[in-house]
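The next block holds one structure in the form of structure tokens; read it before the comments.
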Amino acid sequence: MSLFLSIAASFILGMSKSGLKGMGIVIVTLMALVHGAKASTGILLPLLIFADILAVSYYNRHAQWKYLLKFLPWMITGVVLGALVGKALPEAIFKRGMSIIILVSVIIMIAWERYDTNRIPDKLWFLSSMGLSAGFTTMIGNLAGAFSNIFFLATRIPKNEFIGTAAWLYFIVNLFKLPFHIISWKTVNMNSLIIDLKLIPAIMVGFLVGVKIVKKFENNQYRKFILIMTAIGAIVMLIR
């Protein structure tokens, strides 16, 4: 069952990096349930980087660097803060923190579905708060999606530009996170990399499947189902 859930999470990861947004929280929840909260962040990071390479290669021509360069410094600062805070946290507190972040992210994404995107502000306070939150949450639990997606909504860029710019953002930030996981947290090691090697094929299959359906995929009921199941997974992780 553990291997099946890990493969399922990796397949979904590949699909999410192809541009099918709203699945990131499911991936993190499944991996945390199987491998433990803190250890799962180290197992997932190299998989994310591999999937980022696929996404950057495919969507590179759509990247909008002016938006990326505005958001990136704030997100990098959030990563450093998350690395400092997360290093000292015991596993039990780390797991509860991840669960809370997941639940908050679900709430934000549900609110995002209902919110008038034309009213999302494009101000420095908004840029800095979303960037710091995205950086902090991606370091603690690879959970930047809700916050970075809201920022990209504020830019009003088209879907392909959204995907291409986000692909480069995550690739750069995930590479920046890697030394913290290797040297400070010690969550990326030979054991975690052996697990990753077994899961890479599932990412590749997921990405190829996702690329074929990303232009046609519009299913609000499915998104709601994903959010509900993710919230349940977060609650299970919280009380487990």
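We name chains A, B, ... following the order of the structure tokens; residues begin at 1 in each chain, and ligands are numbered from 1 as shown.
By chain and then residue number, the residues within 12 Å of Leu127 of chain A are Tyr67, Leu68, Leu69, Lys70, Phe71, Leu72, Pro73, Trp74, Met75, Ile120, Pro121, Asp122, Leu132, Ser133, Ala134, Phe147, Ser148, Asn149, Ile150, Phe151, Phe152, Leu153, Ala154 and Thr155 of chain A, counting only C-alpha atoms and disregarding those fewer than 5 positions away in sequence.
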If DSSP is run on the backbone, what residues of segment 3-232 of chain A are helix (DSSP H, G or I)? A reply as number ranges by chain would be ideal. A: 3-17, 24-35, 37-62, 65-87, 91-114, 117-119, 124-141, 145-155, 159-184, 190-213, 220-232
Best match for closeness to Ile53 of chain A among A:Ile213, A:Ala83, A:Ile172, A:Leu197, counting only C-alpha atoms: A:Ile172
Within 9 Å of Gly36 of chain A, counting only C-alpha atoms, which residues show up once you throw out same-chain ones fewer than 4 positions away? Write them as a list in words, please. Met31, Ala32, Ser40, Thr41, Glu91 and Lys95 of chain A
Put those residues in a file: C-alpha atoms, as a short mmCIF file (atom, residue, chain, number, x, y, z; two decimals), in the first residue's frame.
```cif
data_model
loop_
_atom_site.label_atom_id
_atom_site.label_comp_id
_atom_site.auth_asym_id
_atom_site.auth_seq_id
_atom_site.Cartn_x
_atom_site.Cartn_y
_atom_site.Cartn_z
CA MET A 31 3.84 11.44 0.70
CA ALA A 32 3.60 12.68 4.30
CA SER A 40 8.68 13.24 3.02
CA THR A 41 9.88 16.77 2.23
CA GLU A 91 8.61 15.62 14.11
CA LYS A 95 3.60 17.20 11.22
#
```
With segment 57-65 of chain A as the partner and 8 Å as the cut-off, tabulate the residues of segment 111-216 of chain A that qualify, each row holding the nearest pair of atoms and their distance in Å to one decimal, using only C-alpha atoms, sorted by chain and rising number, as JSON lines.
```
{"residue": "A:Asn160", "atom": "CA", "partner": "A:His62", "partner_atom": "CA", "distance": 6.1}
{"residue": "A:Glu161", "atom": "CA", "partner": "A:His62", "partner_atom": "CA", "distance": 4.7}
{"residue": "A:Phe162", "atom": "CA", "partner": "A:Ala63", "partner_atom": "CA", "distance": 7.6}
{"residue": "A:Ile163", "atom": "CA", "partner": "A:Tyr59", "partner_atom": "CA", "distance": 7.0}
{"residue": "A:Gly164", "atom": "CA", "partner": "A:Ala63", "partner_atom": "CA", "distance": 4.4}
{"residue": "A:Thr165", "atom": "CA", "partner": "A:Ala63", "partner_atom": "CA", "distance": 4.2}
{"residue": "A:Ala166", "atom": "CA", "partner": "A:Ala63", "partner_atom": "CA", "distance": 7.8}
{"residue": "A:Ala167", "atom": "CA", "partner": "A:Tyr59", "partner_atom": "CA", "distance": 7.6}
{"residue": "A:Trp168", "atom": "CA", "partner": "A:Ala63", "partner_atom": "CA", "distance": 7.3}
```
Just write the chosen residues, N, CA and C atoms, as a tab-separated table (two decimals), in the first residue's frame.
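Output file part.tsv is given in full below:
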```tsv
chain	number	residue	atom	x	y	z
A	160	ASN	N	-0.86	29.57	-20.55
A	160	ASN	CA	0.45	29.03	-20.89
A	160	ASN	C	1.58	29.84	-20.27
A	161	GLU	N	1.43	31.17	-20.23
A	161	GLU	CA	2.43	32.02	-19.58
A	161	GLU	C	2.46	31.76	-18.08
A	162	PHE	N	1.28	31.53	-17.51
A	162	PHE	CA	1.17	31.17	-16.10
A	162	PHE	C	1.99	29.91	-15.84
A	163	ILE	N	1.76	28.86	-16.64
A	163	ILE	CA	2.44	27.58	-16.44
A	163	ILE	C	3.94	27.72	-16.65
A	164	GLY	N	4.35	28.40	-17.72
A	164	GLY	CA	5.78	28.53	-18.02
A	164	GLY	C	6.53	29.34	-16.99
A	165	THR	N	5.93	30.43	-16.51
A	165	THR	CA	6.57	31.27	-15.50
A	165	THR	C	6.66	30.53	-14.17
A	166	ALA	N	5.58	29.85	-13.79
A	166	ALA	CA	5.58	29.07	-12.55
A	166	ALA	C	6.60	27.94	-12.61
A	167	ALA	N	6.76	27.34	-13.79
A	167	ALA	CA	7.71	26.23	-13.94
A	167	ALA	C	9.13	26.70	-13.61
A	168	TRP	N	9.52	27.84	-14.16
A	168	TRP	CA	10.86	28.37	-13.86
A	168	TRP	C	10.98	28.80	-12.40
```
Residue neighbourhood Pro201 of chain A, 9 Å, only C-alpha atoms, exclusion window fewer than 5 positions, as a ChimeraX atom specification: /A:7,10-11,206
Can those selected residues be exported to a file as a tab-separated table (two decimals), in the first residue's frame so that it contains C-alpha atoms?
```
chain	number	residue	atom	x	y	z
A	7	ILE	CA	3.60	5.87	-7.07
A	10	SER	CA	4.47	10.69	-8.20
A	11	PHE	CA	2.05	10.18	-11.10
A	206	GLY	CA	2.07	11.44	-15.35
```
Please tabulate, as a tab-separated table, the residues of segment 45-109 of chain A that come within 10 Å of segment 183-194 of chain A, each with its closest pair of atoms and the distance in Å to one decimal, counting only C-alpha atoms and ordering rows by chain, then residue number upward.
```
residue	atom	partner	partner_atom	distance
A:Leu45	CA	A:Val188	CA	8.1
A:Pro46	CA	A:Leu193	CA	7.7
A:Leu47	CA	A:Leu193	CA	9.2
A:Ala83	CA	A:Trp185	CA	8.1
A:Leu84	CA	A:Ser184	CA	9.1
A:Gly86	CA	A:Trp185	CA	8.2
A:Lys87	CA	A:Trp185	CA	5.8
A:Ala88	CA	A:Trp185	CA	9.1
```
Just how far from atom CA of Ile235 of chain A is atom CA of Phe50 of chain A, in Å to one decimal? 29.1 Å
Report, in Å to a single decimal, how far apart atom CA of Met204 of chain A and atom CA of Gly14 of chain A are.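 Taking atom CA of Gly14 of chain A as the start and atom CA of Met204 of chain A as the end point, the length is 6.1 Å.
Across the structure, atom CA of Ile110 of chain A and atom CA of Gly24 of chain A are spaced 14.2 Å apart.
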I'd like the contact shell of Gly82 of chain A - 7 Å cut-off, only C-alpha atoms, skipping same-chain residues fewer than 3 positions apart - returned as a compact mmCIF listing (two decimals) with N, CA and C atoms, in the first residue's frame.
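Final output, saved to out_28.txt:
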```txt
# COMPACT_ATOMS: atom_id res chain seq x y z
N GLY A 78 11.50 33.83 2.10
CA GLY A 78 10.61 32.93 2.83
C GLY A 78 11.21 31.55 3.01
N VAL A 79 11.93 31.06 2.00
CA VAL A 79 12.59 29.75 2.11
C VAL A 79 13.62 29.76 3.24
N VAL A 85 13.33 27.91 10.82
CA VAL A 85 12.27 27.48 11.74
C VAL A 85 12.13 25.97 11.73
N GLY A 86 12.12 25.37 10.54
CA GLY A 86 11.86 23.94 10.42
C GLY A 86 12.94 23.06 10.98
N PHE A 136 8.07 30.30 2.61
CA PHE A 136 8.04 29.62 3.91
C PHE A 136 7.35 28.26 3.80
N MET A 139 9.28 25.54 1.86
CA MET A 139 10.38 24.94 2.62
C MET A 139 9.85 23.98 3.68
N ILE A 140 8.79 24.37 4.36
CA ILE A 140 8.24 23.53 5.42
C ILE A 140 7.55 22.29 4.86
```
Which residue out of A:Ser99, A:Gly131, A:Leu199, A:Val211 has the minimum interatomic distance to Ala9 of chain A when only C-alpha atoms are used? A:Leu199
For His35 of chain A, find every residue with an atom within 9 Å (counting only C-alpha atoms), except residues of its own chain fewer than 6 positions away, and show them as a PyMOL selection string. chain A and resi 2+6+43
Quick one: residues within 9 Å of Gly210 of chain A, only C-alpha atoms, excluding same-chain residues fewer than 4 positions away - as a count of residues only? 11
